[in-house]
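Novice: You'll find entry-v7.txt just under this line, and it carries compact mmCIF, C-alpha atoms.
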```txt
# COMPACT_ATOMS: atom_id res chain seq x y z
CA MET I 1 0.00 0.00 0.00
CA LYS I 2 2.82 2.37 0.95
CA ARG I 3 4.68 1.53 -2.31
CA ASN I 4 1.55 2.26 -4.38
CA ALA I 5 1.12 5.61 -2.64
CA SER I 6 4.77 6.43 -3.35
CA MET I 7 4.34 5.52 -7.04
CA LEU I 8 1.24 7.75 -7.32
CA SER I 9 3.12 10.56 -5.60
CA ASP I 10 6.04 10.17 -8.05
CA GLN I 11 3.64 10.25 -11.00
CA ALA I 12 2.14 13.48 -9.67
CA ARG I 13 5.63 15.00 -9.24
CA PHE I 14 6.56 14.07 -12.81
CA PHE I 15 3.33 15.48 -14.21
CA ARG I 16 3.84 18.78 -12.36
CA ALA I 17 7.43 18.99 -13.59
CA TRP I 18 6.29 18.23 -17.15
CA MET I 19 3.56 20.90 -16.97
CA ALA I 20 6.14 23.45 -15.79
CA ASN I 21 8.61 22.62 -18.58
CA PRO I 22 7.55 19.96 -21.12
CA LEU I 23 10.74 20.29 -23.17
CA ARG I 24 13.03 19.72 -20.18
CA VAL I 25 10.96 16.91 -18.61
CA ALA I 26 10.30 14.70 -21.62
CA ALA I 27 8.00 12.20 -19.90
CA LEU I 28 4.59 12.45 -18.26
CA ALA I 29 5.43 9.75 -15.71
CA PRO I 30 8.53 8.13 -14.23
CA SER I 31 9.98 5.08 -15.98
CA GLY I 32 8.63 1.71 -14.95
CA ALA I 33 10.41 -1.17 -13.21
CA ALA I 34 10.78 -3.21 -16.44
CA LEU I 35 12.61 -0.35 -18.18
CA ALA I 36 14.75 0.24 -15.07
CA ARG I 37 15.79 -3.43 -15.06
CA LEU I 38 16.60 -3.33 -18.78
CA ILE I 39 18.68 -0.14 -18.75
CA THR I 40 20.74 -1.38 -15.78
CA SER I 41 20.99 -5.03 -16.91
CA GLU I 42 24.65 -4.87 -17.99
CA ILE I 43 25.85 -2.83 -14.99
CA GLY I 44 27.30 -4.27 -11.80
CA ALA I 45 29.46 -3.28 -8.84
CA SER I 46 32.62 -3.68 -10.96
CA HIS I 47 31.53 -0.66 -13.05
CA ALA I 48 31.62 1.73 -10.09
CA PRO I 49 31.65 4.65 -9.91
CA ILE I 50 28.53 5.21 -11.99
CA LEU I 51 27.07 8.44 -13.34
CA GLU I 52 23.32 8.90 -13.73
CA LEU I 53 21.91 11.80 -15.71
CA GLY I 54 18.39 13.08 -15.11
CA PRO I 55 17.47 10.58 -12.39
CA GLY I 56 14.14 12.30 -11.63
CA THR I 57 12.50 10.35 -8.81
CA GLY I 58 15.26 7.71 -8.73
CA VAL I 59 13.70 4.70 -10.49
CA PHE I 60 16.94 3.84 -12.32
CA THR I 61 18.96 4.75 -9.19
CA GLN I 62 17.07 2.17 -7.13
CA ALA I 63 17.53 -0.44 -9.88
CA LEU I 64 21.30 0.16 -9.76
CA ILE I 65 21.31 -0.28 -5.98
CA ASP I 66 19.22 -3.45 -6.38
CA ARG I 67 21.99 -4.76 -8.68
CA GLY I 68 24.51 -4.47 -5.84
CA ILE I 69 25.97 -1.03 -6.50
CA ASP I 70 26.84 0.88 -3.35
CA GLU I 71 24.87 4.11 -3.05
CA ARG I 72 28.15 5.95 -2.36
CA ASP I 73 29.39 4.91 -5.83
CA LEU I 74 26.55 6.78 -7.55
CA THR I 75 26.78 10.36 -8.81
CA LEU I 76 23.39 11.75 -9.83
CA VAL I 77 23.20 14.89 -11.97
CA GLU I 78 19.72 16.45 -11.81
CA PHE I 79 18.59 19.91 -12.96
CA ASP I 80 15.11 20.09 -11.37
CA ALA I 81 15.35 21.45 -7.80
CA ALA I 82 12.30 19.52 -6.56
CA PHE I 83 13.77 16.24 -7.81
CA VAL I 84 17.13 17.12 -6.22
CA THR I 85 15.42 17.52 -2.83
CA LEU I 86 13.61 14.19 -3.27
CA LEU I 87 16.79 12.38 -4.34
CA LYS I 88 18.72 13.69 -1.33
CA ARG I 89 16.02 12.28 0.93
CA ARG I 90 15.84 8.91 -0.84
CA PHE I 91 19.56 8.40 -1.50
CA PRO I 92 21.41 10.30 1.24
CA ARG I 93 24.75 8.57 0.61
CA ALA I 94 24.82 9.24 -3.16
CA ASN I 95 26.68 12.21 -4.60
CA ILE I 96 23.83 14.41 -5.90
CA VAL I 97 24.80 17.30 -8.15
CA HIS I 98 22.26 20.05 -8.90
CA ALA I 99 23.31 20.96 -12.44
CA SER I 100 22.45 20.66 -16.11
CA ALA I 101 23.84 17.60 -17.90
CA VAL I 102 24.72 19.94 -20.79
CA ARG I 103 27.47 21.36 -18.55
CA LEU I 104 29.05 18.00 -17.65
CA SER I 105 32.42 18.90 -19.15
CA GLY I 106 32.77 21.74 -16.63
CA LEU I 107 32.09 19.52 -13.60
CA ARG I 108 34.80 17.55 -11.82
CA LEU I 109 32.65 14.56 -10.97
CA PHE I 110 35.27 11.84 -10.48
CA PRO I 111 38.60 13.36 -9.45
CA GLY I 112 41.29 10.73 -9.85
CA ALA I 113 38.81 8.14 -11.19
CA GLU I 114 36.68 7.31 -14.22
CA ALA I 115 33.07 6.20 -14.37
CA GLY I 116 32.41 2.67 -15.56
CA ALA I 117 28.93 3.44 -16.89
CA VAL I 118 26.52 6.29 -17.51
CA VAL I 119 22.76 5.76 -17.21
CA SER I 120 20.68 8.47 -18.84
CA GLY I 121 17.07 9.31 -18.05
CA LEU I 122 17.25 12.41 -20.25
CA GLY I 123 14.81 13.07 -23.09
CA LEU I 124 17.47 13.51 -25.79
CA LEU I 125 14.94 13.71 -28.63
CA SER I 126 13.48 16.91 -27.18
CA MET I 127 16.92 18.58 -27.16
CA SER I 128 18.90 20.42 -29.79
CA THR I 129 21.80 18.74 -31.59
CA ARG I 130 24.22 21.04 -29.78
CA MET I 131 22.83 20.01 -26.36
CA VAL I 132 22.97 16.28 -27.16
CA PHE I 133 26.55 16.65 -28.42
CA ALA I 134 27.57 18.47 -25.21
CA ILE I 135 25.94 15.79 -23.03
CA LEU I 136 27.61 12.89 -24.87
CA ALA I 137 31.00 14.63 -25.02
CA GLY I 138 30.86 15.42 -21.29
CA ALA I 139 29.70 11.91 -20.40
CA PHE I 140 32.48 10.22 -22.38
CA ALA I 141 35.05 12.58 -20.86
CA SER I 142 34.04 11.07 -17.48
CA LEU I 143 33.92 7.46 -18.73
CA GLY I 144 36.80 4.99 -18.71
CA PRO I 145 37.94 3.50 -22.06
CA SER I 146 35.57 0.52 -21.89
CA GLY I 147 32.67 2.40 -20.27
CA ALA I 148 29.25 2.67 -21.93
CA PHE I 149 26.40 5.19 -22.00
CA TYR I 150 22.90 3.68 -21.63
CA GLN I 151 19.97 5.66 -23.02
CA PHE I 152 16.28 4.81 -23.34
CA THR I 153 13.89 6.03 -26.00
CA TYR I 154 10.20 5.81 -26.87
CA VAL I 155 10.77 5.85 -30.65
CA PRO I 156 11.93 2.98 -32.92
CA ARG I 157 15.41 4.41 -33.57
CA CYS I 158 18.49 5.47 -31.67
CA PRO I 159 17.93 8.83 -29.95
CA VAL I 160 21.51 9.93 -30.78
CA GLU I 161 21.85 11.02 -34.40
CA ARG I 162 24.52 9.41 -36.61
CA PRO I 163 26.51 12.66 -37.17
CA ILE I 164 26.97 13.05 -33.38
CA LEU I 165 28.07 9.42 -33.03
CA ASP I 166 30.50 9.80 -35.95
CA ARG I 167 31.99 13.04 -34.67
CA LEU I 168 32.63 11.52 -31.23
CA GLY I 169 33.82 8.14 -32.56
CA LEU I 170 30.90 6.29 -30.98
CA GLU I 171 28.65 3.39 -31.96
CA ALA I 172 25.12 2.70 -30.71
CA ARG I 173 23.57 -0.75 -30.39
CA ARG I 174 20.04 -1.60 -29.33
CA LEU I 175 20.19 -3.46 -26.03
CA GLY I 176 16.51 -4.42 -26.03
CA GLY I 177 12.99 -3.18 -25.55
CA THR I 178 10.09 -3.57 -23.18
CA LEU I 179 6.36 -3.37 -23.76
CA ARG I 180 5.89 -3.30 -19.98
CA ASN I 181 6.58 0.42 -19.81
CA LEU I 182 4.15 3.24 -20.49
CA PRO I 183 4.84 4.09 -23.25
CA PRO I 184 6.82 1.06 -24.54
CA ALA I 185 10.54 1.83 -24.61
CA ALA I 186 13.87 0.61 -25.96
CA VAL I 187 17.39 0.95 -24.56
CA TYR I 188 20.55 1.72 -26.53
CA ARG I 189 24.13 1.12 -25.44
CA VAL I 190 26.53 3.76 -26.77
CA ALA I 191 30.26 3.04 -26.58
CA ARG I 192 33.53 4.08 -28.20
CA ARG I 193 34.02 2.27 -31.49
CA ASP I 194 37.51 1.10 -30.57
CA ALA I 195 36.13 -0.48 -27.37
CA LEU I 196 33.55 -2.66 -29.13
CA PRO I 197 34.28 -6.36 -29.72
CA ALA I 198 35.07 -7.27 -33.33
```
Can you dump the structure from the file as structure tokens?

Specialist:
Amino acid sequence: MKRNASMLSDQARFFRAWMANPLRVAALAPSGAALARLITSEIGASHAPILELGPGTGVFTQALIDRGIDERDLTLVEFDAAFVTLLKRRFPRANIVHASAVRLSGLRLFPGAEAGAVVSGLGLLSMSTRMVFAILAGAFASLGPSGAFYQFTYVPRCPVERPILDRLGLEARRLGGTLRNLPPAAVYRVARRDALPA
């Protein structure tokens, strides 16, 4: 009962955030558990530290913790102040950064270390090409050589355009999809081309 009340409360928070800025909050409701399991399915404790972009209410964050990742190994970058407050309450040991993911390259998120994975809850398709490029460039500057960027989408194609991938030397592969999300969603794994298996 308590979990259902929390889910309804999160849906209300998302809807209010979407009403306030539909281009910045690209979803009407938080992602579902099936999508959270899919987007985190390749990530484990050995990938720590891990960067999450646009965590919102923390659905993907909780899925990462459920996979055995220590909360202290998570850095969450969130722009919406209300979500930042919620995340600090739900994940007090995580490193929560109140900032725009577009400005990742100016943040020193992992001094002396590199992230093993980036999980993105951002609505890339609602952003300009320049913004998407800045987000990917900043994310890969924080990632180790074999690290990957995981992004979901509601459309039947990769949400990162080919010219951006080419310019950054990246390749995107569809990890899978789930009909058990509203709306149905797919996940893409983006990695450096020289890090992909032959």

Novice: Pick from I:Asp73, I:Ile135, I:Arg67, I:Thr178: nearest to I:Ser100, with all atoms listed in the file counted?

Specialist: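 Of all the options, I:Ile135 lies closest to I:Ser100.
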
Novice: If you count all atoms listed in the file, which residues fall within 12 Å of I:Ala94, apart from same-chain ones fewer than 6 positions away, as a PDB file with C-alpha atoms, in the coordinates of the input?

Specialist:
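Below you can see selection_24.pdb, which holds the result:
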```pdb
ATOM      1  CA  PRO I  49      31.650   4.650  -9.910  1.00  0.00           C
ATOM      2  CA  ILE I  50      28.530   5.210 -11.990  1.00  0.00           C
ATOM      3  CA  LEU I  51      27.070   8.440 -13.340  1.00  0.00           C
ATOM      4  CA  GLU I  52      23.320   8.900 -13.730  1.00  0.00           C
ATOM      5  CA  PRO I  55      17.470  10.580 -12.390  1.00  0.00           C
ATOM      6  CA  GLY I  58      15.260   7.710  -8.730  1.00  0.00           C
ATOM      7  CA  THR I  61      18.960   4.750  -9.190  1.00  0.00           C
ATOM      8  CA  GLN I  62      17.070   2.170  -7.130  1.00  0.00           C
ATOM      9  CA  LEU I  64      21.300   0.160  -9.760  1.00  0.00           C
ATOM     10  CA  ILE I  65      21.310  -0.280  -5.980  1.00  0.00           C
ATOM     11  CA  ILE I  69      25.970  -1.030  -6.500  1.00  0.00           C
ATOM     12  CA  ASP I  70      26.840   0.880  -3.350  1.00  0.00           C
ATOM     13  CA  GLU I  71      24.870   4.110  -3.050  1.00  0.00           C
ATOM     14  CA  ARG I  72      28.150   5.950  -2.360  1.00  0.00           C
ATOM     15  CA  ASP I  73      29.390   4.910  -5.830  1.00  0.00           C
ATOM     16  CA  LEU I  74      26.550   6.780  -7.550  1.00  0.00           C
ATOM     17  CA  THR I  75      26.780  10.360  -8.810  1.00  0.00           C
ATOM     18  CA  LEU I  76      23.390  11.750  -9.830  1.00  0.00           C
ATOM     19  CA  VAL I  77      23.200  14.890 -11.970  1.00  0.00           C
ATOM     20  CA  VAL I  84      17.130  17.120  -6.220  1.00  0.00           C
ATOM     21  CA  LEU I  87      16.790  12.380  -4.340  1.00  0.00           C
ATOM     22  CA  LYS I  88      18.720  13.690  -1.330  1.00  0.00           C
TER      23      LYS I  88
END
```

Novice: When you draw a straight line from atom CA of I:Ala36 to atom CA of I:Arg180, how long is it in Å?

Specialist: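 Answer for the atom CA of I:Ala36 to atom CA of I:Arg180 separation: 10.7 Å.
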
Novice: Enter the distance from atom CA of I:Ala115 to atom CA of I:Leu143, in Å, rounded to one decimal.

Specialist: 4.6 Å

Novice: Counting all atoms listed in the file, what is within 12 Å of stretch 41-43 of chain I, bar same-chain residues fewer than 6 positions away, as a PyMOL selection string?

Specialist: chain I and resi 33-35+49-51+60-61+63-69+115-119+147-150+175-177+187-189

Novice: For the selection just defined, write its residues with C-alpha atoms to a file, as a PDB file, keeping the file's coordinate frame.

Specialist:
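Dumped to part17.pdb:
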```pdb
ATOM      1  CA  ALA I  33      10.410  -1.170 -13.210  1.00  0.00           C
ATOM      2  CA  ALA I  34      10.780  -3.210 -16.440  1.00  0.00           C
ATOM      3  CA  LEU I  35      12.610  -0.350 -18.180  1.00  0.00           C
ATOM      4  CA  PRO I  49      31.650   4.650  -9.910  1.00  0.00           C
ATOM      5  CA  ILE I  50      28.530   5.210 -11.990  1.00  0.00           C
ATOM      6  CA  LEU I  51      27.070   8.440 -13.340  1.00  0.00           C
ATOM      7  CA  PHE I  60      16.940   3.840 -12.320  1.00  0.00           C
ATOM      8  CA  THR I  61      18.960   4.750  -9.190  1.00  0.00           C
ATOM      9  CA  ALA I  63      17.530  -0.440  -9.880  1.00  0.00           C
ATOM     10  CA  LEU I  64      21.300   0.160  -9.760  1.00  0.00           C
ATOM     11  CA  ILE I  65      21.310  -0.280  -5.980  1.00  0.00           C
ATOM     12  CA  ASP I  66      19.220  -3.450  -6.380  1.00  0.00           C
ATOM     13  CA  ARG I  67      21.990  -4.760  -8.680  1.00  0.00           C
ATOM     14  CA  GLY I  68      24.510  -4.470  -5.840  1.00  0.00           C
ATOM     15  CA  ILE I  69      25.970  -1.030  -6.500  1.00  0.00           C
ATOM     16  CA  ALA I 115      33.070   6.200 -14.370  1.00  0.00           C
ATOM     17  CA  GLY I 116      32.410   2.670 -15.560  1.00  0.00           C
ATOM     18  CA  ALA I 117      28.930   3.440 -16.890  1.00  0.00           C
ATOM     19  CA  VAL I 118      26.520   6.290 -17.510  1.00  0.00           C
ATOM     20  CA  VAL I 119      22.760   5.760 -17.210  1.00  0.00           C
ATOM     21  CA  GLY I 147      32.670   2.400 -20.270  1.00  0.00           C
ATOM     22  CA  ALA I 148      29.250   2.670 -21.930  1.00  0.00           C
ATOM     23  CA  PHE I 149      26.400   5.190 -22.000  1.00  0.00           C
ATOM     24  CA  TYR I 150      22.900   3.680 -21.630  1.00  0.00           C
ATOM     25  CA  LEU I 175      20.190  -3.460 -26.030  1.00  0.00           C
ATOM     26  CA  GLY I 176      16.510  -4.420 -26.030  1.00  0.00           C
ATOM     27  CA  GLY I 177      12.990  -3.180 -25.550  1.00  0.00           C
ATOM     28  CA  VAL I 187      17.390   0.950 -24.560  1.00  0.00           C
ATOM     29  CA  TYR I 188      20.550   1.720 -26.530  1.00  0.00           C
ATOM     30  CA  ARG I 189      24.130   1.120 -25.440  1.00  0.00           C
TER      31      ARG I 189
END
```
